[in-house]
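**Q** The structure follows.
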Amino acid sequence: MMKCWVMACCVALAGMCSAAPAVKEEILCQGEYPWHLQGVATDGTNIFWTFTTVLVKTDRSGQVLAKDEIPRSGGHMGDLCCNGGKVYVGMNLGFLRGSRVGDEVWEYDAASLKLLKKYPTPEAVFCNNGLEWYDGCFWVITSAPQYSQYNMVFKYTPDFKFQGCRFIKSGWTNLGVQTICLWGDKMLFGCYGSDKDPIDPHSSSTLAVEAKLLPLGKGHPEFAPLVPCLKRVKASTAEGMLVLDGKLWEAHGIRHSPPEDKLHQRWSARLRPATALESALQ
């Protein structure tokens, strides 16, 4: 009797294992888009991708559900985040007659990708590269002066009233911070490298800081202490990262046009589990 019960349990377990869906090791974004990937985000159900001038919404298999495109002269999309049924995109508006145009955050309806509102973020003077939601506020990332030993993240209220700036003791990262992602109790920052720089060559990297150190306490925010960098890992996440089903994923663009064709670029992108990065950040 015991033998029959054990065999029945084994058969049942085998059936459950065969019925379980395979772990997806790659999510390909359907379609081709002008200009390269800038960031990714998820609301837990869908995935949102920015390709400089195109915001794309896909399901978890990468099939396109909606998209919104702007002219190249209309701005430069950066990294993005989801919060409360909305998608928020960092917008780089560039320069006008040699002076920087104040950058913005664009708010979209997550269901339809209808543009709802534009919020100015002039305090992010070195370029609004993207944002993340944490501790009831938005955290906007930016570029940095060349060879700066610090990176900056700007705090805004839910309706984008400026609250202050935190400096991260990170060492120089080429073009500052490009992507941002909350992973557990850590805030991650994706940065480009500059291997051929004659003064300070370095690889693309991911910075990790304790998220709880970012919120500003009482007093004068301009005197807030530096935020230490927990780890700086050689990992290419400057094109995007997100957390899906508790796992950290990293995004990478896929170029379909010849590299020498600068004016007619065509790109897609993929997401892959950032297993090695997770291990390195532990």
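Chain identifiers are assigned as A, B, and so on, following the order in which chains appear in the structure tokens; residues are numbered from 1 within each chain, and ligands are numbered from 1 in order of appearance.
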When you look at Arg270 in chain A with a cut-off of 9 Å (counting only C-alpha atoms), what residues show up, excluding the ones that are within fewer than 2 positions of it in the same chain? I need them as a PyMOL selection string.

**A** chain A and resi 26-29+62+250-254+268+272

**Q** Using only C-alpha atoms, I'd like a table of the residues in range 186-263 of chain A that come within 8 Å of range 34-43 of chain A; for each, show the closest atom pair and its distance in Å rounded to one decimal, ordered by chain and ascending number, as CSV.

**A**
residue,atom,partner,partner_atom,distance
A:Ala238,CA,A:Gln38,CA,7.8
A:Glu239,CA,A:Gln38,CA,5.1
A:Gly240,CA,A:Gly39,CA,4.1
A:Met241,CA,A:Val40,CA,6.1
A:Leu242,CA,A:Ala41,CA,5.6
A:Val243,CA,A:Thr42,CA,7.6
A:Leu244,CA,A:Thr42,CA,7.3
A:Ala251,CA,A:Val40,CA,7.1
A:His252,CA,A:Leu37,CA,7.2
A:Gly253,CA,A:Leu37,CA,5.4
A:Arg255,CA,A:His36,CA,7.8

**Q** So, with only C-alpha atoms as the atoms that count, which of A:Pro228, A:Pro145, A:Pro273, A:Gly90 lies closest to Lys212 in chain A?

**A**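 So, comparing all the options, the nearest one is A:Pro228.
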
**Q** Please indicate the distance in Å from CA of Asp261 in chain A to CA of Ser73 in chain A, rounded to one decimal place.

**A**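 Atom-to-atom, CA of Asp261 in chain A to CA of Ser73 in chain A, that is 19.1 Å.
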
**Q** Taking 3 positions as the minimum chain separation for residues in the same chain, which residues sit within 12 Å of range 169-175 of chain A when counting only C-alpha atoms? Answer as a ChimeraX atom specification.

**A** /A:126-129,141-153,166,178-179,188-197,199-209,225-234,238

**Q** Residues at most 9 Å from Ser257 in chain A, counting only C-alpha atoms, excluding those fewer than 5 positions away in the same chain, as number ranges by chain?

**A** A: 262, 264-267

**Q** List every residue of range 66-108 of chain A that DSSP, applied to the backbone of this structure, places in strand (DSSP E), and write the result as a ChimeraX atom specification.

**A** /A:66-69,76-83,86-92,95-96,99-100,104-108

**Q** Hey, what does DSSP flag as helix (DSSP H, G or I) within range 26-233 of chain A? Can you give it to me as a list in words?

**A**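 Residues of range 26-233 of chain A classed as helix (DSSP H, G or I): Arg72, Ser73, Gly74, Ala211, Lys212, Leu213, Pro221, Glu222 and Phe223 of chain A.
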
**Q** Quick one: write out the picked residues with C-alpha atoms as a JSON list (two decimals), in the first residue's frame?

**A**
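As written to disk, result-v5.json reads:
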[["chain", "number", "residue", "atom", "x", "y", "z"],
["A", 72, "ARG", "CA", 13.59, 63.68, -33.59],
["A", 73, "SER", "CA", 13.39, 67.44, -33.14],
["A", 74, "GLY", "CA", 10.82, 67.00, -30.36],
["A", 211, "ALA", "CA", 18.19, 53.30, -1.02],
["A", 212, "LYS", "CA", 17.35, 54.32, 2.54],
["A", 213, "LEU", "CA", 20.23, 56.82, 2.49],
["A", 221, "PRO", "CA", 19.27, 69.77, 1.79],
["A", 222, "GLU", "CA", 22.22, 71.58, 0.24],
["A", 223, "PHE", "CA", 24.29, 70.38, 3.17]]

**Q** What is the CA of Gly94 in chain A-CA of Gly75 in chain A distance in Å, reported with one decimal?

**A** 7.1 Å

**Q** What does the structure give for the distance between CA of Leu277 in chain A and CA of Ile168 in chain A, in Å to one decimal?

**A**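 A separation of 20.1 Å between them.
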
**Q** Find, counting only C-alpha atoms, the residue in A:Gln282, A:Ser112, A:Thr52, A:Thr121 that gets nearest to Val87 in chain A.

**A** A:Ser112
